[in-house]
Amino acid sequence: MADRKLEHVTAPNTPWNQSLRKRKLSLLHGAWMLLTIGLAACGGGGGAGSTASQPETNPTPTTTSTTPGVATYLSLNLNALPNYVSPDLPVHYDTALLATRNVTTNITTDKGATLGRVLFNDVRLSFNNTKSCASCHQQINGFVDQNQFSTGFAGGLTTAHAMRLGNVAFYQGNSMFWNKRATSLEDQATDPIQNAIEMGFDTTHGGLTALISKMQALPYYPELFAWATGDSTITETKIQNALAQFQRSMISADSKWDRAYAVVYAANGNVNSAQNFGRSLAGANIPAANRFSASEDNGRDLFMRGPNNGGKGCAGCHQPPTFALDPNSKSNGLDLNETVIFKSPSLKNVALSGHFMHDGRFGTLEQVLNHYASGVKAGTARDNRLPVGGIAMTAQEQADIVAFLQTLTDTTLNTHNRFANPFIK
């Protein structure tokens with residue numbers, strides 16, 4: 001509802017973590033042996049000069065005799081990788097939920113996601129060594145650019161607001177970008193690299209052929225591709241699959257809402273259901289640090305309940321517990337007679353987005369809620385669940401929903417070293 005329809009890691013030893021059993025992502029380790037990563041992201045500052053995130057501190061050096069380029073340029077220990085395959089997750093990220101991820105044959109491996117992390121943060125993948133995927137998808141901001149439009153490699157501005165990436169794995173519609181022009185996360189991955197505004201390897205600058213030649217000449221990429229895929233040859237498919245693996249590992253599961261809801265889930269049948277989503281998170285059964293305020297809990301209630309049951313029906317499109325978009329959702333009536341069906345990313349970390357909708361036209365969540373309350377316009381792309389004119393909401397109800405949306409911020413995803421810039425040179 002707040003956006004245009006277009007990891008959790010081992011957490012500190014808090015009372016919440018002591019009280020909840022953790023689940024491991026159960027991916028088939030044998031599957032990666034059958035893949036060559038043969039292994040998506042969107043344009044923007046890792047690598048040299050990045051300020052989007054910080055490298056891991058005091059890494060154990062990798063074996064310089066076999067991968068000297070990696071040791072020179074990256075703070076990676078290839079013998080002790082971060083756990084991308086089976087990170088610790090709270091109980092409501094159960095087997096049924098994990099089965100809804102949008103992956104078929106490109107199974108995530110620790111090696112593949114590590115390669116994807118390097119690619120995602122490398123400014124050398126832009127024509128003039130100034131932009132990486134992380135330039136526009138900044139980890140500290142929930143993998144988004146808080147500016148309305150992002151600045152490309154030559155100083156030009158993009159024409160769409162950068163999308164958040166947390167829980168991108170759980171969008172079941174598969175198609176990517178606001179206008180759904182990419183068929184999958186893999187298909188989307190190299191589009192920004194070839195974009196004339198974003199990263200600059202368009203046909204004028206030699207396209208992917210020129211990029212791959214550049215990568216083959218960098219000392220660390222032949223080493224990394226050989227290590228991750230068994231073959232030092234660099235191809236577009238390998239680049240796409242590694243980036244998609246890295247992005248699918250960006251699971252957001254440690255927001256205030258997650259920590260409170262996990263208590264309710266565990267106490268009421270261990271099932272993700274409308275009934276459990278509707279339970280209060282403001283009671284004494286919730287640890288004080290994660291207990292919702294009256295405003296947050298009322299906003300949660302309005303968000304979760306349907307319009308025929310006293311709520312606003314937001315969860316019909318933005319589906320808990322991942323808050324990824326219902327793949328059957330249509331557009332939200334931004335413009336009169338709109339014909340393009342847009343999609344939106346998960347609402348996790350939505351409060352950090354800076355701007356909202358595909359074109360970033362709104363600068364606050366309050367403006368977003370005002371649109372849904374009084375600004376929905378007619379058009380063939382409009383979702384029929386959104387009445388023309390808007391959903392009746394008082395000013396207090398709008399404020400309460402904003403308060404609830406702020407509980408979806410996940411600082412663990414936004415700060416963990418698994419997703420940080422690994423470059424030291």
# chains A, B, ... in the order shown; residues from 1 in each chain; ligands from 1

$ residues_around --residues "region 341-347 of chain A" --least-positions-apart "4" --cutoff "10 Å" --atoms "only C-alpha atoms" --output "compact mmCIF listing (two decimals) with all heavy atoms, in the first residue's frame"
# COMPACT_ATOMS: atom_id res chain seq x y z
N MET A 1 0.81 -1.19 0.00
CA MET A 1 0.00 0.00 0.00
C MET A 1 0.84 1.25 0.00
O MET A 1 0.50 2.25 -0.62
CB MET A 1 -0.90 -0.02 1.23
CG MET A 1 -1.72 1.23 1.44
SD MET A 1 -2.92 0.87 2.68
CE MET A 1 -3.29 2.47 3.22
N ALA A 2 2.00 1.23 0.70
CA ALA A 2 2.79 2.45 0.77
C ALA A 2 3.58 2.71 -0.49
O ALA A 2 4.02 3.81 -0.70
CB ALA A 2 3.74 2.37 1.96
N ASP A 3 3.79 1.72 -1.34
CA ASP A 3 4.59 1.91 -2.55
C ASP A 3 3.78 1.57 -3.78
O ASP A 3 2.82 0.83 -3.72
CB ASP A 3 5.82 1.01 -2.51
CG ASP A 3 7.07 1.81 -2.25
OD1 ASP A 3 7.32 2.75 -3.01
OD2 ASP A 3 7.77 1.47 -1.31
N ARG A 4 4.25 2.09 -4.89
CA ARG A 4 3.59 1.83 -6.16
C ARG A 4 3.73 0.37 -6.49
O ARG A 4 4.79 -0.22 -6.30
CB ARG A 4 4.23 2.68 -7.26
CG ARG A 4 3.54 2.56 -8.60
CD ARG A 4 2.16 3.17 -8.55
NE ARG A 4 1.58 3.19 -9.85
CZ ARG A 4 1.54 4.27 -10.60
NH1 ARG A 4 2.03 5.40 -10.17
NH2 ARG A 4 0.96 4.24 -11.77
N LYS A 5 2.55 -0.22 -7.04
CA LYS A 5 2.66 -1.63 -7.36
C LYS A 5 3.62 -1.81 -8.50
O LYS A 5 3.34 -1.41 -9.56
CB LYS A 5 1.33 -2.19 -7.62
CG LYS A 5 0.54 -2.13 -6.36
CD LYS A 5 -0.82 -2.64 -6.48
CE LYS A 5 -1.49 -2.30 -5.19
NZ LYS A 5 -2.81 -2.45 -5.13
N LEU A 6 4.40 -1.80 -8.82
CA LEU A 6 5.41 -2.10 -9.85
C LEU A 6 5.36 -3.49 -10.27
O LEU A 6 4.68 -4.08 -9.87
CB LEU A 6 6.66 -1.53 -9.35
CG LEU A 6 7.89 -1.30 -9.96
CD1 LEU A 6 9.02 -1.64 -9.39
CD2 LEU A 6 8.07 -0.67 -11.11
N MET A 163 14.32 0.79 -6.36
CA MET A 163 13.45 -0.09 -5.57
C MET A 163 14.21 -0.73 -4.41
O MET A 163 15.36 -1.11 -4.55
CB MET A 163 12.87 -1.19 -6.46
CG MET A 163 12.06 -0.70 -7.62
SD MET A 163 11.40 -2.04 -8.63
CE MET A 163 10.01 -2.58 -7.64
N ARG A 164 13.53 -0.90 -3.28
CA ARG A 164 14.11 -1.67 -2.17
C ARG A 164 14.29 -3.13 -2.61
O ARG A 164 13.56 -3.62 -3.46
CB ARG A 164 13.18 -1.62 -0.95
CG ARG A 164 13.03 -0.24 -0.35
CD ARG A 164 12.08 -0.25 0.85
NE ARG A 164 10.78 -0.79 0.49
CZ ARG A 164 9.80 -0.09 -0.10
NH1 ARG A 164 9.99 1.18 -0.40
NH2 ARG A 164 8.64 -0.65 -0.38
N LEU A 165 15.26 -3.81 -1.99
CA LEU A 165 15.56 -5.18 -2.39
C LEU A 165 15.27 -6.22 -1.32
O LEU A 165 15.27 -7.42 -1.61
CB LEU A 165 17.02 -5.29 -2.82
CG LEU A 165 17.43 -4.46 -4.03
CD1 LEU A 165 18.92 -4.64 -4.32
CD2 LEU A 165 16.59 -4.82 -5.24
N GLY A 166 15.03 -5.82 -0.08
CA GLY A 166 14.74 -6.79 0.96
C GLY A 166 13.51 -7.61 0.61
O GLY A 166 12.48 -7.08 0.19
N ASN A 167 13.63 -8.93 0.77
CA ASN A 167 12.55 -9.89 0.50
C ASN A 167 12.13 -9.93 -0.97
O ASN A 167 11.02 -10.36 -1.30
CB ASN A 167 11.33 -9.63 1.39
CG ASN A 167 11.57 -10.11 2.81
OD1 ASN A 167 12.54 -10.81 3.09
ND2 ASN A 167 10.69 -9.75 3.72
N VAL A 168 13.03 -9.52 -1.86
CA VAL A 168 12.73 -9.63 -3.28
C VAL A 168 12.51 -11.09 -3.68
O VAL A 168 11.80 -11.38 -4.66
CB VAL A 168 13.85 -9.00 -4.12
CG1 VAL A 168 15.15 -9.78 -4.03
CG2 VAL A 168 13.43 -8.82 -5.58
N ALA A 169 13.06 -12.02 -2.93
CA ALA A 169 12.90 -13.44 -3.23
C ALA A 169 11.46 -13.89 -3.12
O ALA A 169 11.08 -14.92 -3.70
CB ALA A 169 13.76 -14.28 -2.29
N PHE A 170 10.63 -13.14 -2.39
CA PHE A 170 9.27 -13.61 -2.10
C PHE A 170 8.21 -13.02 -3.02
O PHE A 170 7.02 -13.28 -2.82
CB PHE A 170 8.93 -13.33 -0.63
CG PHE A 170 9.77 -14.13 0.32
CD1 PHE A 170 10.90 -13.58 0.90
CD2 PHE A 170 9.45 -15.44 0.62
CE1 PHE A 170 11.69 -14.32 1.78
CE2 PHE A 170 10.23 -16.19 1.48
CZ PHE A 170 11.36 -15.63 2.07
N TYR A 171 8.63 -12.25 -4.01
CA TYR A 171 7.64 -11.77 -4.99
C TYR A 171 7.39 -12.89 -5.99
O TYR A 171 8.26 -13.26 -6.77
CB TYR A 171 8.13 -10.51 -5.72
CG TYR A 171 7.16 -10.08 -6.80
CD1 TYR A 171 5.86 -9.70 -6.47
CD2 TYR A 171 7.53 -10.08 -8.14
CE1 TYR A 171 4.95 -9.33 -7.46
CE2 TYR A 171 6.63 -9.71 -9.13
CZ TYR A 171 5.35 -9.34 -8.79
OH TYR A 171 4.45 -8.98 -9.76
N GLY A 173 5.38 -12.98 -8.52
CA GLY A 173 5.06 -12.61 -9.89
C GLY A 173 6.24 -12.72 -10.84
O GLY A 173 6.08 -12.62 -12.05
N SER A 175 8.29 -11.18 -12.51
CA SER A 175 8.71 -10.04 -13.33
C SER A 175 9.25 -8.93 -12.46
O SER A 175 8.76 -8.68 -11.36
CB SER A 175 7.54 -9.53 -14.18
OG SER A 175 6.43 -9.23 -13.38
N MET A 176 10.28 -8.24 -12.96
CA MET A 176 10.99 -7.25 -12.18
C MET A 176 10.97 -5.88 -12.86
O MET A 176 10.59 -5.76 -14.01
CB MET A 176 12.43 -7.70 -11.94
CG MET A 176 12.53 -8.98 -11.12
SD MET A 176 11.97 -8.74 -9.41
CE MET A 176 11.51 -10.41 -8.96
N PHE A 177 11.43 -4.88 -12.12
CA PHE A 177 11.32 -3.45 -12.43
C PHE A 177 9.87 -3.00 -12.14
O PHE A 177 8.95 -3.80 -12.11
CB PHE A 177 11.71 -3.11 -13.88
CG PHE A 177 13.16 -3.29 -14.19
CD1 PHE A 177 13.56 -4.26 -15.09
CD2 PHE A 177 14.12 -2.49 -13.60
CE1 PHE A 177 14.90 -4.44 -15.40
CE2 PHE A 177 15.47 -2.65 -13.90
CZ PHE A 177 15.86 -3.62 -14.79
N TRP A 178 9.73 -1.71 -11.95
CA TRP A 178 8.40 -1.15 -11.66
C TRP A 178 7.40 -1.54 -12.74
O TRP A 178 6.24 -1.84 -12.45
CB TRP A 178 8.48 0.37 -11.58
CG TRP A 178 9.24 0.94 -10.42
CD1 TRP A 178 10.50 1.48 -10.44
CD2 TRP A 178 8.80 1.05 -9.06
NE1 TRP A 178 10.86 1.91 -9.19
CE2 TRP A 178 9.84 1.66 -8.32
CE3 TRP A 178 7.63 0.68 -8.41
CZ2 TRP A 178 9.73 1.93 -6.97
CZ3 TRP A 178 7.53 0.95 -7.04
CH2 TRP A 178 8.57 1.57 -6.33
N ASN A 179 7.83 -1.52 -14.01
CA ASN A 179 6.90 -1.79 -15.11
C ASN A 179 6.94 -3.24 -15.58
O ASN A 179 6.41 -3.57 -16.65
CB ASN A 179 7.18 -0.85 -16.29
CG ASN A 179 8.60 -1.02 -16.83
OD1 ASN A 179 9.35 -1.88 -16.39
ND2 ASN A 179 8.97 -0.17 -17.78
N LYS A 180 7.59 -4.10 -14.82
CA LYS A 180 7.60 -5.55 -15.05
C LYS A 180 8.26 -5.94 -16.38
O LYS A 180 7.95 -7.00 -16.93
CB LYS A 180 6.17 -6.12 -15.01
CG LYS A 180 5.42 -5.86 -13.72
CD LYS A 180 4.07 -6.56 -13.74
CE LYS A 180 3.31 -6.32 -12.45
NZ LYS A 180 2.03 -7.08 -12.43
N SER A 252 14.58 -10.12 4.89
CA SER A 252 14.33 -9.21 6.00
C SER A 252 13.40 -9.88 7.00
O SER A 252 12.21 -10.10 6.71
CB SER A 252 13.68 -7.91 5.48
OG SER A 252 13.30 -7.08 6.55
N CYS A 317 -2.86 -6.71 -0.64
CA CYS A 317 -1.84 -6.53 -1.67
C CYS A 317 -0.44 -6.74 -1.12
O CYS A 317 0.41 -7.35 -1.77
CB CYS A 317 -1.94 -5.13 -2.29
SG CYS A 317 -3.45 -4.85 -3.26
N HIS A 318 -0.17 -6.21 0.07
CA HIS A 318 1.16 -6.29 0.68
C HIS A 318 1.11 -7.36 1.76
O HIS A 318 0.78 -7.10 2.90
CB HIS A 318 1.56 -4.92 1.24
CG HIS A 318 1.51 -3.84 0.20
ND1 HIS A 318 2.50 -3.66 -0.73
CD2 HIS A 318 0.58 -2.88 -0.05
CE1 HIS A 318 2.20 -2.64 -1.52
NE2 HIS A 318 1.04 -2.15 -1.13
N GLN A 319 1.48 -8.57 1.39
CA GLN A 319 1.13 -9.74 2.16
C GLN A 319 2.14 -10.10 3.25
O GLN A 319 3.31 -10.35 2.96
CB GLN A 319 0.97 -10.93 1.19
CG GLN A 319 -0.13 -10.68 0.15
CD GLN A 319 -0.26 -11.82 -0.85
OE1 GLN A 319 0.73 -12.40 -1.30
NE2 GLN A 319 -1.48 -12.16 -1.22
N PRO A 320 1.70 -10.12 4.52
CA PRO A 320 2.58 -10.56 5.60
C PRO A 320 2.79 -12.08 5.49
O PRO A 320 2.00 -12.78 4.86
CB PRO A 320 1.77 -10.21 6.85
CG PRO A 320 0.33 -10.23 6.39
CD PRO A 320 0.35 -9.76 4.96
N THR A 322 6.13 -11.48 4.80
CA THR A 322 7.24 -10.89 4.05
C THR A 322 6.90 -9.50 3.53
O THR A 322 7.78 -8.74 3.16
CB THR A 322 7.61 -11.76 2.83
OG1 THR A 322 6.51 -11.74 1.89
CG2 THR A 322 7.90 -13.19 3.25
N PHE A 323 5.60 -9.18 3.47
CA PHE A 323 5.08 -7.92 2.95
C PHE A 323 5.46 -7.71 1.48
O PHE A 323 5.54 -6.59 0.99
CB PHE A 323 5.52 -6.74 3.82
CG PHE A 323 4.93 -6.83 5.21
CD1 PHE A 323 5.61 -7.48 6.23
CD2 PHE A 323 3.68 -6.30 5.48
CE1 PHE A 323 5.05 -7.61 7.50
CE2 PHE A 323 3.11 -6.42 6.74
CZ PHE A 323 3.80 -7.07 7.76
N ALA A 324 5.69 -8.83 0.78
CA ALA A 324 5.87 -8.79 -0.67
C ALA A 324 4.51 -8.61 -1.32
O ALA A 324 3.46 -8.91 -0.74
CB ALA A 324 6.53 -10.07 -1.15
N LEU A 325 4.52 -8.12 -2.55
CA LEU A 325 3.29 -7.79 -3.25
C LEU A 325 2.58 -9.04 -3.77
O LEU A 325 3.20 -9.95 -4.31
CB LEU A 325 3.61 -6.87 -4.43
CG LEU A 325 2.42 -6.28 -5.19
CD1 LEU A 325 1.71 -5.25 -4.34
CD2 LEU A 325 2.89 -5.66 -6.50
N ASP A 326 1.26 -9.05 -3.60
CA ASP A 326 0.43 -10.06 -4.22
C ASP A 326 0.64 -9.98 -5.74
O ASP A 326 0.45 -8.92 -6.35
CB ASP A 326 -1.03 -9.77 -3.88
CG ASP A 326 -2.03 -10.60 -4.69
OD1 ASP A 326 -1.63 -11.61 -5.29
OD2 ASP A 326 -3.21 -10.20 -4.72
N PRO A 327 1.04 -11.07 -6.39
CA PRO A 327 1.34 -11.00 -7.83
C PRO A 327 0.14 -10.64 -8.69
O PRO A 327 0.31 -10.26 -9.85
CB PRO A 327 1.87 -12.40 -8.16
CG PRO A 327 1.34 -13.27 -7.07
CD PRO A 327 1.29 -12.42 -5.85
N ASN A 328 -1.06 -10.76 -8.14
CA ASN A 328 -2.26 -10.41 -8.90
C ASN A 328 -2.66 -8.95 -8.73
O ASN A 328 -3.67 -8.52 -9.31
CB ASN A 328 -3.43 -11.31 -8.48
CG ASN A 328 -3.18 -12.77 -8.82
OD1 ASN A 328 -2.72 -13.09 -9.91
ND2 ASN A 328 -3.44 -13.66 -7.87
N SER A 329 -1.90 -8.20 -7.96
CA SER A 329 -2.23 -6.80 -7.74
C SER A 329 -2.04 -5.99 -9.02
O SER A 329 -1.18 -6.29 -9.84
CB SER A 329 -1.33 -6.21 -6.64
OG SER A 329 -1.58 -6.84 -5.41
N LYS A 330 -2.85 -4.95 -9.15
CA LYS A 330 -2.72 -4.04 -10.28
C LYS A 330 -2.24 -2.69 -9.75
O LYS A 330 -1.70 -2.62 -8.64
CB LYS A 330 -4.05 -3.94 -11.02
CG LYS A 330 -4.50 -5.29 -11.61
CD LYS A 330 -5.83 -5.20 -12.32
CE LYS A 330 -5.73 -4.44 -13.63
NZ LYS A 330 -7.02 -4.43 -14.37
N SER A 331 -2.42 -1.63 -10.48
CA SER A 331 -1.89 -0.33 -10.08
C SER A 331 -2.79 0.36 -9.05
O SER A 331 -3.91 -0.09 -8.77
CB SER A 331 -1.69 0.56 -11.31
OG SER A 331 -0.54 0.15 -12.02
N ASN A 332 -2.29 1.45 -8.52
CA ASN A 332 -2.96 2.08 -7.37
C ASN A 332 -3.55 3.45 -7.68
O ASN A 332 -3.73 4.26 -6.78
CB ASN A 332 -1.99 2.18 -6.19
CG ASN A 332 -0.77 3.03 -6.49
OD1 ASN A 332 -0.57 3.47 -7.62
ND2 ASN A 332 0.05 3.25 -5.48
N GLY A 333 -3.88 3.68 -8.94
CA GLY A 333 -4.63 4.88 -9.27
C GLY A 333 -3.90 6.19 -9.08
O GLY A 333 -4.51 7.19 -8.70
N ALA A 351 10.03 2.70 5.52
CA ALA A 351 10.19 4.01 6.16
C ALA A 351 11.51 4.67 5.81
O ALA A 351 11.68 5.87 6.03
CB ALA A 351 10.05 3.87 7.68
N SER A 353 12.79 4.76 2.69
CA SER A 353 12.88 4.92 1.24
C SER A 353 13.13 6.34 0.78
O SER A 353 13.62 6.55 -0.33
CB SER A 353 11.60 4.39 0.58
OG SER A 353 11.56 2.98 0.65
N PHE A 356 8.66 7.75 -2.66
CA PHE A 356 7.73 6.63 -2.82
C PHE A 356 7.02 6.70 -4.16
O PHE A 356 6.86 7.77 -4.74
CB PHE A 356 6.70 6.64 -1.68
CG PHE A 356 7.34 6.69 -0.32
CD1 PHE A 356 7.62 7.91 0.27
CD2 PHE A 356 7.70 5.53 0.34
CE1 PHE A 356 8.24 7.97 1.52
CE2 PHE A 356 8.31 5.58 1.58
CZ PHE A 356 8.59 6.81 2.17
N MET A 357 6.59 5.55 -4.64
CA MET A 357 5.98 5.30 -5.94
C MET A 357 7.07 5.16 -7.00
O MET A 357 8.23 5.48 -6.77
CB MET A 357 4.96 6.37 -6.33
CG MET A 357 3.92 6.64 -5.27
SD MET A 357 2.97 5.14 -4.86
CE MET A 357 2.15 5.66 -3.37
N HIS A 358 6.69 4.68 -8.18
CA HIS A 358 7.68 4.37 -9.21
C HIS A 358 8.47 5.60 -9.62
O HIS A 358 9.64 5.50 -10.00
CB HIS A 358 6.98 3.78 -10.44
CG HIS A 358 6.17 4.76 -11.21
ND1 HIS A 358 4.98 5.25 -10.76
CD2 HIS A 358 6.38 5.35 -12.42
CE1 HIS A 358 4.48 6.10 -11.64
NE2 HIS A 358 5.31 6.19 -12.65
N THR A 380 -7.86 1.94 -16.38
CA THR A 380 -7.98 0.51 -16.63
C THR A 380 -6.94 -0.31 -15.86
O THR A 380 -7.14 -1.51 -15.66
CB THR A 380 -7.83 0.22 -18.13
OG1 THR A 380 -6.58 0.74 -18.60
CG2 THR A 380 -8.97 0.87 -18.92
N ALA A 381 -5.84 0.31 -15.45
CA ALA A 381 -4.82 -0.43 -14.69
C ALA A 381 -5.09 -0.46 -13.20
O ALA A 381 -4.41 -1.16 -12.45
CB ALA A 381 -3.44 0.19 -14.94
N ARG A 382 -6.08 0.29 -12.73
CA ARG A 382 -6.35 0.40 -11.29
C ARG A 382 -6.81 -0.93 -10.72
O ARG A 382 -7.63 -1.62 -11.30
CB ARG A 382 -7.41 1.48 -11.04
CG ARG A 382 -7.83 1.63 -9.56
CD ARG A 382 -8.95 2.65 -9.42
NE ARG A 382 -10.11 2.31 -10.25
CZ ARG A 382 -11.09 1.50 -9.85
NH1 ARG A 382 -11.05 0.95 -8.64
NH2 ARG A 382 -12.09 1.25 -10.66
N ASP A 383 -6.28 -1.29 -9.56
CA ASP A 383 -6.72 -2.48 -8.84
C ASP A 383 -8.13 -2.22 -8.31
O ASP A 383 -8.38 -1.21 -7.65
CB ASP A 383 -5.76 -2.78 -7.68
CG ASP A 383 -5.94 -4.17 -7.12
OD1 ASP A 383 -7.06 -4.49 -6.68
OD2 ASP A 383 -4.97 -4.95 -7.10
N LEU A 405 3.93 1.04 9.74
CA LEU A 405 4.91 0.84 8.67
C LEU A 405 6.33 1.07 9.17
O LEU A 405 7.27 0.42 8.70
CB LEU A 405 4.60 1.77 7.50
CG LEU A 405 3.32 1.47 6.73
CD1 LEU A 405 3.05 2.55 5.69
CD2 LEU A 405 3.39 0.10 6.06
N GLN A 406 6.49 1.93 10.14
CA GLN A 406 7.82 2.18 10.70
C GLN A 406 8.33 1.00 11.52
O GLN A 406 9.54 0.87 11.73
CB GLN A 406 7.79 3.46 11.54
CG GLN A 406 7.60 4.71 10.69
CD GLN A 406 7.29 5.96 11.49
OE1 GLN A 406 6.84 5.88 12.64
NE2 GLN A 406 7.52 7.12 10.89
N LEU A 408 8.39 -1.91 10.43
CA LEU A 408 8.91 -2.86 9.45
C LEU A 408 10.37 -2.61 9.11
O LEU A 408 10.94 -3.28 8.25
CB LEU A 408 8.06 -2.81 8.18
CG LEU A 408 6.56 -3.10 8.34
CD1 LEU A 408 5.86 -3.06 7.00
CD2 LEU A 408 6.33 -4.44 9.03
N THR A 409 11.01 -1.64 9.77
CA THR A 409 12.43 -1.36 9.54
C THR A 409 13.29 -2.46 10.14
O THR A 409 13.11 -2.83 11.31
CB THR A 409 12.80 0.01 10.14
OG1 THR A 409 12.03 1.03 9.50
CG2 THR A 409 14.28 0.30 9.94

$ select_by_dssp --residues "region 118-254 of chain A" --states "alpha helix (DSSP H)" --output "ChimeraX atom specification"
/A:118-121,133-136,185-189,207-217,220-229,236-248

$ closest_residue --among "A:Ile234, A:Ala274, A:Ala253, A:Ala99" --to "Thr412 (chain A)" --atoms "only C-alpha atoms"
A:Ala253

$ closest_residue --among "A:Leu98, A:Leu185, A:Ala162, A:Ala210" --to "Gln247 (chain A)" --atoms "only C-alpha atoms"
A:Leu185

$ atom_distance --atom1 "CA of Gln367 (chain A)" --atom2 "CA of Met304 (chain A)"
20.3 Å

$ closest_atom_pairs --of "region 82-141 of chain A" --to "region 203-209 of chain A" --cutoff "12 Å" --atoms "only C-alpha atoms" --output "tab-separated table"
residue	atom	partner	partner_atom	distance
A:Leu125	CA	A:Leu208	CA	9.9
A:Ser126	CA	A:His205	CA	10.4
A:Phe127	CA	A:His205	CA	7.5
A:Asn128	CA	A:His205	CA	10.4

$ closest_atom_pairs --of "region 70-118 of chain A" --to "region 257-271 of chain A" --cutoff "8 Å" --atoms "only C-alpha atoms" --output "JSON lines"
{"residue": "A:Pro90", "atom": "CA", "partner": "A:Ala262", "partner_atom": "CA", "distance": 6.7}
{"residue": "A:Val91", "atom": "CA", "partner": "A:Ala262", "partner_atom": "CA", "distance": 6.3}
{"residue": "A:His92", "atom": "CA", "partner": "A:Ala262", "partner_atom": "CA", "distance": 6.0}

$ write_last_selection --atoms "N, CA, C and O atoms" --output "tab-separated table (two decimals), in the first residue's frame"
chain	number	residue	atom	x	y	z
A	90	PRO	N	13.70	-16.38	12.18
A	90	PRO	CA	12.69	-16.57	13.22
A	90	PRO	C	11.67	-17.62	12.79
A	90	PRO	O	11.58	-17.98	11.61
A	91	VAL	N	10.90	-18.09	13.75
A	91	VAL	CA	10.05	-19.27	13.54
A	91	VAL	C	9.02	-19.08	12.44
A	91	VAL	O	8.65	-20.04	11.77
A	92	HIS	N	8.55	-17.85	12.21
A	92	HIS	CA	7.49	-17.69	11.21
A	92	HIS	C	8.01	-17.76	9.78
A	92	HIS	O	7.21	-17.84	8.84

$ residues_around --residues "Leu352 (chain A)" --least-positions-apart "5" --cutoff "10 Å" --atoms "only C-alpha atoms" --output "JSON, numbers by chain"
{"A": [140, 141, 142, 143, 144, 145, 146, 164, 364, 365, 406, 408, 409, 410]}

$ residues_around --residues "Pro387 (chain A)" --least-positions-apart "6" --cutoff "10 Å" --atoms "only C-alpha atoms" --output "PyMOL selection string"
chain A and resi 332-333+372-378

$ closest_residue --among "A:Gly354, A:Pro287, A:Pro68, A:Gly278" --to "Phe303 (chain A)" --atoms "only C-alpha atoms"
A:Gly278

$ residues_around --residues "Thr394 (chain A)" --least-positions-apart "6" --cutoff "12 Å" --atoms "only C-alpha atoms" --output "list of chain:residue names"
A:Gly299, A:Leu302, A:Lys312, A:Leu369, A:Asn370, A:Tyr372, A:Ala373, A:Ser374, A:Asp400, A:Ile401

$ write_last_selection --atoms "all heavy atoms" --output "short mmCIF file (atom, residue, chain, number, x, y, z; two decimals), in the first residue's frame"
data_model
loop_
_atom_site.label_atom_id
_atom_site.label_comp_id
_atom_site.auth_asym_id
_atom_site.auth_seq_id
_atom_site.Cartn_x
_atom_site.Cartn_y
_atom_site.Cartn_z
N GLY A 299 -2.56 0.76 13.93
CA GLY A 299 -2.16 0.78 12.53
C GLY A 299 -2.01 -0.62 11.98
O GLY A 299 -2.42 -0.89 10.83
N LEU A 302 -5.56 -1.98 11.38
CA LEU A 302 -6.16 -1.38 10.18
C LEU A 302 -5.54 -1.95 8.92
O LEU A 302 -6.22 -2.18 7.91
CB LEU A 302 -5.99 0.13 10.22
CG LEU A 302 -6.76 0.89 11.30
CD1 LEU A 302 -6.27 2.33 11.39
CD2 LEU A 302 -8.27 0.86 11.00
N LYS A 312 -8.59 -1.54 6.46
CA LYS A 312 -8.33 -0.82 5.21
C LYS A 312 -7.85 -1.74 4.09
O LYS A 312 -7.65 -1.30 2.96
CB LYS A 312 -7.29 0.29 5.44
CG LYS A 312 -7.68 1.24 6.58
CD LYS A 312 -9.07 1.85 6.39
CE LYS A 312 -9.49 2.70 7.59
NZ LYS A 312 -10.89 3.19 7.46
N LEU A 369 -0.16 7.88 2.41
CA LEU A 369 -1.45 7.54 3.02
C LEU A 369 -2.54 8.51 2.58
O LEU A 369 -3.70 8.10 2.39
CB LEU A 369 -1.32 7.51 4.55
CG LEU A 369 -1.02 6.14 5.18
CD1 LEU A 369 -2.20 5.18 4.97
CD2 LEU A 369 0.25 5.53 4.61
N ASN A 370 -2.19 9.76 2.39
CA ASN A 370 -3.17 10.72 1.91
C ASN A 370 -3.66 10.35 0.51
O ASN A 370 -4.85 10.50 0.18
CB ASN A 370 -2.58 12.13 1.90
CG ASN A 370 -3.61 13.18 1.53
OD1 ASN A 370 -4.61 13.39 2.21
ND2 ASN A 370 -3.36 13.86 0.42
N TYR A 372 -3.89 7.27 -0.70
CA TYR A 372 -4.82 6.15 -0.57
C TYR A 372 -6.14 6.57 0.05
O TYR A 372 -7.18 5.95 -0.21
CB TYR A 372 -4.17 5.02 0.23
CG TYR A 372 -3.17 4.24 -0.58
CD1 TYR A 372 -1.81 4.42 -0.39
CD2 TYR A 372 -3.59 3.35 -1.55
CE1 TYR A 372 -0.89 3.70 -1.15
CE2 TYR A 372 -2.67 2.63 -2.31
CZ TYR A 372 -1.33 2.82 -2.11
OH TYR A 372 -0.43 2.12 -2.88
N ALA A 373 -6.12 7.62 0.86
CA ALA A 373 -7.35 8.08 1.51
C ALA A 373 -8.21 8.95 0.59
O ALA A 373 -9.45 8.94 0.70
CB ALA A 373 -7.01 8.87 2.77
N SER A 374 -7.59 9.67 -0.35
CA SER A 374 -8.40 10.63 -1.11
C SER A 374 -7.93 10.87 -2.54
O SER A 374 -8.52 11.69 -3.24
CB SER A 374 -8.41 11.98 -0.38
OG SER A 374 -7.09 12.50 -0.25
N ASP A 400 -1.69 6.28 12.34
CA ASP A 400 -1.45 4.98 12.97
C ASP A 400 -0.86 3.98 11.96
O ASP A 400 0.04 3.20 12.31
CB ASP A 400 -2.76 4.43 13.55
CG ASP A 400 -3.24 5.21 14.77
OD1 ASP A 400 -2.45 6.02 15.31
OD2 ASP A 400 -4.40 5.02 15.16
N ILE A 401 -1.32 4.01 10.72
CA ILE A 401 -0.76 3.11 9.72
C ILE A 401 0.69 3.47 9.43
O ILE A 401 1.55 2.60 9.26
CB ILE A 401 -1.62 3.12 8.44
CG1 ILE A 401 -2.99 2.50 8.72
CG2 ILE A 401 -0.92 2.34 7.31
CD1 ILE A 401 -3.96 2.58 7.56
#
